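K.L.:
I am attaching a structure below and will ask some questions about it afterwards.
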Amino acid sequence: MSHTKLRQGIIDTCLEMNHSGLNQGTSGNVSHRIPGGMLITPTSLPYAQMKPADIVAMDFDGTYSGRRLPSSEWRFHRDILKNRTDVNVVLHTHSVYCTTLATHELGIPSFHYMVAVAGGTDIRCSDYACFGTQELSDTALKALEGRTACLLGHHGLIVLADTFEKALWRAHEVETLAKMYVHALAIGEPPRLSDAEMAQVIEQMRRMSYGQTPDLDSVADRPHAAKAKSASSSKRTEKKTTRAKAKPKTRPKAKKR
Ligand SMILES: [Zn+2]
């Protein structure tokens with residue numbers, strides 16, 4: 001059996017979806033890219049019973065191998081991973097607030113700046129199509145254009161990411177946004193941030209993802225690291241601390257510092 005670690009990663013992601021309340025039962029499904037295809041959750045098997053050998057390996061042409069049938073939603077997993085070479089993980093769930101909006105055929109507009117976690121100025125809701133069909137896959141891909149999340153009309157949520165951890169994080173962020181939007185709608189339709197305001201947010205997020213602080217070039221009072229103390233007494237203390245914290249030579253990162 002190949003890709004044991006990735007198979008276990010799919011199982012752990014499914015378990016975490018249910019433990020955190022993002023999903024219930026076996027309605028959610030998860031896939032991860034492998035060369036020429038994907039690994040995907042099997043259909044109708046409770047996550048707690050799932051073993052790495054139950055995860056289904058499928059080529060992009062639809063050929064699958066293993067002891068289980070693939071998730072009924074294998075088409076959109078396959079088509080997304082085939083077309084979106086910028087991501088490795090597809091996560092699908094019927095999380096309550098995203099699905100609440102999707103039942104009204106509502107996406108999530110720029111009512112809050114964190115909508116940019118899906119890569120754009122809004123999170124779209126796809127047209128309705130029956131589960132498991134090519135029509136659903138087609139409409140999902142369209143709603144995901146330039147985005148890493150979309151709602152599925154009268155159905156649920158899809159998020160895309162590089163890793164399982166990022167997929168879970170993004171799914172929680174989008175579900176939280178959906179919850180906030182549902183609450184905001186109780187008072188009335190909230191005003192939207194403009195495209196220019198959202199473009200600024202997207203740029204800030206892009207910079208931070210590269211380990212930079214926002215506005216590093218244009219803001220004068222940017223944060224700066226504290227300078228080392230020069231007094232000889234503090235040097236002695238520093239040396240002592242360094243010795244006390246010294247790590248074994250087998251840890252290259254500690255040695256470099
Ligand atoms: Zn579904």
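Letters for chains follow the order of the structure tokens (A, B, ...), residue numbers begin at 1 for each chain, and ligand numbers begin at 1 in the order shown.
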Tell me which protein, DNA and RNA residues are within 7 Å of stretch 4-14 of chain A, counting only C-alpha atoms, leaving out same-chain ones fewer than 6 positions away, and put them as a ChimeraX atom specification.

P.N.:
/A:30-31,47,50,52,55,164

K.L.:
Go ahead and dump the residues you just picked, N, CA and C atoms, as a PDB file, in the first residue's frame.

P.N.:
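Listed below is the output, result_1.pdb:
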ATOM      1  N   VAL A  30     -12.870  14.059   1.671  1.00  0.00           N
ATOM      2  CA  VAL A  30     -11.562  14.727   1.555  1.00  0.00           C
ATOM      3  C   VAL A  30     -10.721  13.978   0.519  1.00  0.00           C
ATOM      4  N   SER A  31      -9.956  14.728  -0.278  1.00  0.00           N
ATOM      5  CA  SER A  31      -9.029  14.090  -1.218  1.00  0.00           C
ATOM      6  C   SER A  31      -7.674  14.792  -1.162  1.00  0.00           C
ATOM      7  N   TYR A  47     -16.065   7.568   9.781  1.00  0.00           N
ATOM      8  CA  TYR A  47     -14.649   7.945   9.856  1.00  0.00           C
ATOM      9  C   TYR A  47     -13.899   7.168  10.937  1.00  0.00           C
ATOM     10  N   MET A  50     -12.523   3.994   9.672  1.00  0.00           N
ATOM     11  CA  MET A  50     -11.677   4.078   8.480  1.00  0.00           C
ATOM     12  C   MET A  50     -10.222   3.726   8.765  1.00  0.00           C
ATOM     13  N   PRO A  52      -6.230   3.179   6.793  1.00  0.00           N
ATOM     14  CA  PRO A  52      -5.533   3.654   5.584  1.00  0.00           C
ATOM     15  C   PRO A  52      -5.856   2.838   4.328  1.00  0.00           C
ATOM     16  N   ILE A  55      -8.910   3.988   2.172  1.00  0.00           N
ATOM     17  CA  ILE A  55      -8.829   5.172   1.312  1.00  0.00           C
ATOM     18  C   ILE A  55      -8.615   4.707  -0.132  1.00  0.00           C
ATOM     19  N   PHE A 164      -3.525  19.493   4.462  1.00  0.00           N
ATOM     20  CA  PHE A 164      -4.710  19.171   5.267  1.00  0.00           C
ATOM     21  C   PHE A 164      -4.952  20.252   6.324  1.00  0.00           C
TER      22      PHE A 164
END

K.L.:
Kindly work out which residues sit at most 8 Å from ligand 1, using only C-alpha atoms and all ligand atoms, and give the list as a PyMOL selection string.

P.N.:
chain A and resi 27-29+73+92-94+131+155-157

K.L.:
Just C-alpha atoms for this one: save the residues we selected as a short mmCIF file (atom, residue, chain, number, x, y, z; two decimals), in the first residue's frame.

P.N.:
data_model
loop_
_atom_site.label_atom_id
_atom_site.label_comp_id
_atom_site.auth_asym_id
_atom_site.auth_seq_id
_atom_site.Cartn_x
_atom_site.Cartn_y
_atom_site.Cartn_z
CA SER A 27 -21.50 13.68 4.56
CA GLY A 28 -18.05 15.27 4.24
CA ASN A 29 -15.24 13.96 2.06
CA GLU A 73 -18.45 13.13 -4.95
CA HIS A 92 -16.09 19.10 1.30
CA THR A 93 -18.57 19.38 4.16
CA HIS A 94 -22.19 20.35 4.88
CA PHE A 131 -24.88 15.42 -5.81
CA HIS A 155 -25.74 21.61 -0.61
CA GLY A 156 -22.61 22.71 1.35
CA LEU A 157 -19.03 23.97 1.15
#

K.L.:
Using only C-alpha atoms, determine which residues lie at most 9 Å from A:Arg124, disregarding the query and same-chain residues fewer than 6 positions distant; provide the list as a list in words.

P.N.:
Leu106, Gly107, Ile108, Pro109, Ala143, Leu144, Arg147, Ala149, Cys150, Leu151 and Leu152 of chain A

K.L.:
Can you pull out the residues contacting A:Ser110? Cut-off 12 Å, using only C-alpha atoms, and skip same-chain residues under 6 positions away; I want them as a short mmCIF file (atom, residue, chain, number, x, y, z; two decimals) with N, CA and C atoms, in the first residue's frame.

P.N.:
data_model
loop_
_atom_site.label_atom_id
_atom_site.label_comp_id
_atom_site.auth_asym_id
_atom_site.auth_seq_id
_atom_site.Cartn_x
_atom_site.Cartn_y
_atom_site.Cartn_z
N ALA A 116 -11.36 37.55 2.24
CA ALA A 116 -10.17 37.39 1.39
C ALA A 116 -9.41 36.09 1.66
N VAL A 117 -9.74 35.35 2.72
CA VAL A 117 -9.05 34.06 2.95
C VAL A 117 -9.31 33.06 1.82
N ALA A 118 -10.35 33.34 1.02
CA ALA A 118 -10.62 32.46 -0.12
C ALA A 118 -10.01 33.02 -1.41
N GLY A 119 -9.17 34.07 -1.28
CA GLY A 119 -8.39 34.54 -2.42
C GLY A 119 -9.01 35.65 -3.26
N GLY A 120 -10.20 36.15 -2.88
CA GLY A 120 -10.82 37.19 -3.71
C GLY A 120 -11.73 38.09 -2.90
N THR A 121 -12.57 38.83 -3.61
CA THR A 121 -13.42 39.82 -2.96
C THR A 121 -14.74 39.23 -2.45
N ASP A 122 -15.00 37.98 -2.79
CA ASP A 122 -16.22 37.32 -2.30
C ASP A 122 -16.02 35.80 -2.33
N ILE A 123 -16.97 35.09 -1.72
CA ILE A 123 -16.98 33.62 -1.81
C ILE A 123 -18.30 33.27 -2.48
N ARG A 124 -18.18 32.72 -3.70
CA ARG A 124 -19.39 32.52 -4.51
C ARG A 124 -20.19 31.29 -4.06
N LEU A 177 -17.17 32.96 8.94
CA LEU A 177 -17.68 34.09 8.15
C LEU A 177 -19.16 33.91 7.83
N ALA A 178 -19.53 32.68 7.46
CA ALA A 178 -20.93 32.40 7.13
C ALA A 178 -21.81 32.64 8.36
N MET A 180 -21.16 34.67 10.90
CA MET A 180 -21.23 36.13 11.11
C MET A 180 -22.21 36.76 10.13
N TYR A 181 -22.16 36.32 8.87
CA TYR A 181 -23.03 36.92 7.84
C TYR A 181 -24.50 36.62 8.13
N GLU A 189 -29.15 43.80 5.53
CA GLU A 189 -27.99 43.55 4.65
C GLU A 189 -26.86 44.49 5.03
N PRO A 190 -25.70 43.97 5.47
CA PRO A 190 -24.61 44.87 5.87
C PRO A 190 -23.95 45.53 4.66
N PRO A 191 -23.40 46.75 4.85
CA PRO A 191 -22.67 47.38 3.75
C PRO A 191 -21.46 46.54 3.36
N ARG A 192 -21.00 46.71 2.14
CA ARG A 192 -19.86 45.90 1.65
C ARG A 192 -18.59 46.75 1.58
N LEU A 193 -17.47 46.10 1.76
CA LEU A 193 -16.18 46.75 1.51
C LEU A 193 -16.03 46.88 -0.01
N SER A 194 -15.40 47.95 -0.45
CA SER A 194 -15.25 48.17 -1.90
C SER A 194 -14.17 47.24 -2.45
N ASP A 195 -14.11 47.14 -3.78
CA ASP A 195 -13.07 46.33 -4.42
C ASP A 195 -11.68 46.84 -4.05
N ALA A 196 -11.53 48.18 -3.96
CA ALA A 196 -10.23 48.77 -3.61
C ALA A 196 -9.85 48.39 -2.17
N GLU A 197 -10.83 48.42 -1.26
CA GLU A 197 -10.56 48.05 0.13
C GLU A 197 -10.19 46.57 0.24
N MET A 198 -10.87 45.74 -0.53
CA MET A 198 -10.57 44.31 -0.51
C MET A 198 -9.22 44.03 -1.17
N ALA A 199 -8.88 44.79 -2.21
CA ALA A 199 -7.58 44.62 -2.87
C ALA A 199 -6.45 44.89 -1.88
N VAL A 201 -6.62 44.49 1.41
CA VAL A 201 -6.60 43.36 2.34
C VAL A 201 -5.84 42.17 1.72
N ILE A 202 -6.16 41.90 0.44
CA ILE A 202 -5.54 40.77 -0.25
C ILE A 202 -4.02 40.98 -0.32
#

K.L.:
For a quick check of understanding, using only C-alpha atoms, which of A:Met17, A:Met58, A:Leu91, A:Ala53 has the smallest distance to A:Pro35?

P.N.:
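Using only C-alpha atoms, A:Pro35 sits closest to A:Met58.
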
K.L.:
Let's see if you can do this: from backbone DSSP, list all strand (DSSP E) residues in stretch 106-195 of chain A, as a PyMOL selection string.

P.N.:
chain A and resi 149-152+156-161

K.L.:
Check the smallest atom-to-atom distance from each of A:Asp127, A:Thr103, A:Met114, A:Pro223 to A:Arg170 using only C-alpha atoms, then report the winner.

P.N.:
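Smallest separation from A:Arg170 among the options: A:Met114.
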
K.L.:
Using only C-alpha atoms, find the one residue out of A:Ala48, A:Met38, A:Met1, A:Ile158 that sits nearest to A:Leu15.

P.N.:
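Using only C-alpha atoms, the shortest distance to A:Leu15 belongs to A:Ala48.
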
K.L.:
Interatomic distance between atom CA of A:Tyr97 and atom CA of A:Lys142?

P.N.:
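About the pair atom CA of A:Tyr97 and atom CA of A:Lys142: they are 21.7 Å apart.
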
K.L.:
At what distance in Å, to one decimal, does atom CA of A:Gly37 lie from atom CA of A:Val90?

P.N.:
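Atom CA of A:Gly37 lies 12.7 Å from atom CA of A:Val90.
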
K.L.:
Could you give me the residues within stretch 39-112 of chain A that DSSP places in alpha helix (DSSP H), as a list in words?

P.N.:
Trp74, Arg75, Phe76, His77, Arg78, Asp79, Ile80, Leu81, Lys82, Asn83, Val96, Tyr97, Cys98, Thr99, Thr100, Leu101, Ala102 and Thr103 of chain A

K.L.:
Measure the distance from atom CA of A:Gly62 to atom CA of A:Arg84 in Å and round it to one decimal.

P.N.:
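Computing it gives 16.9 Å between the two atoms.
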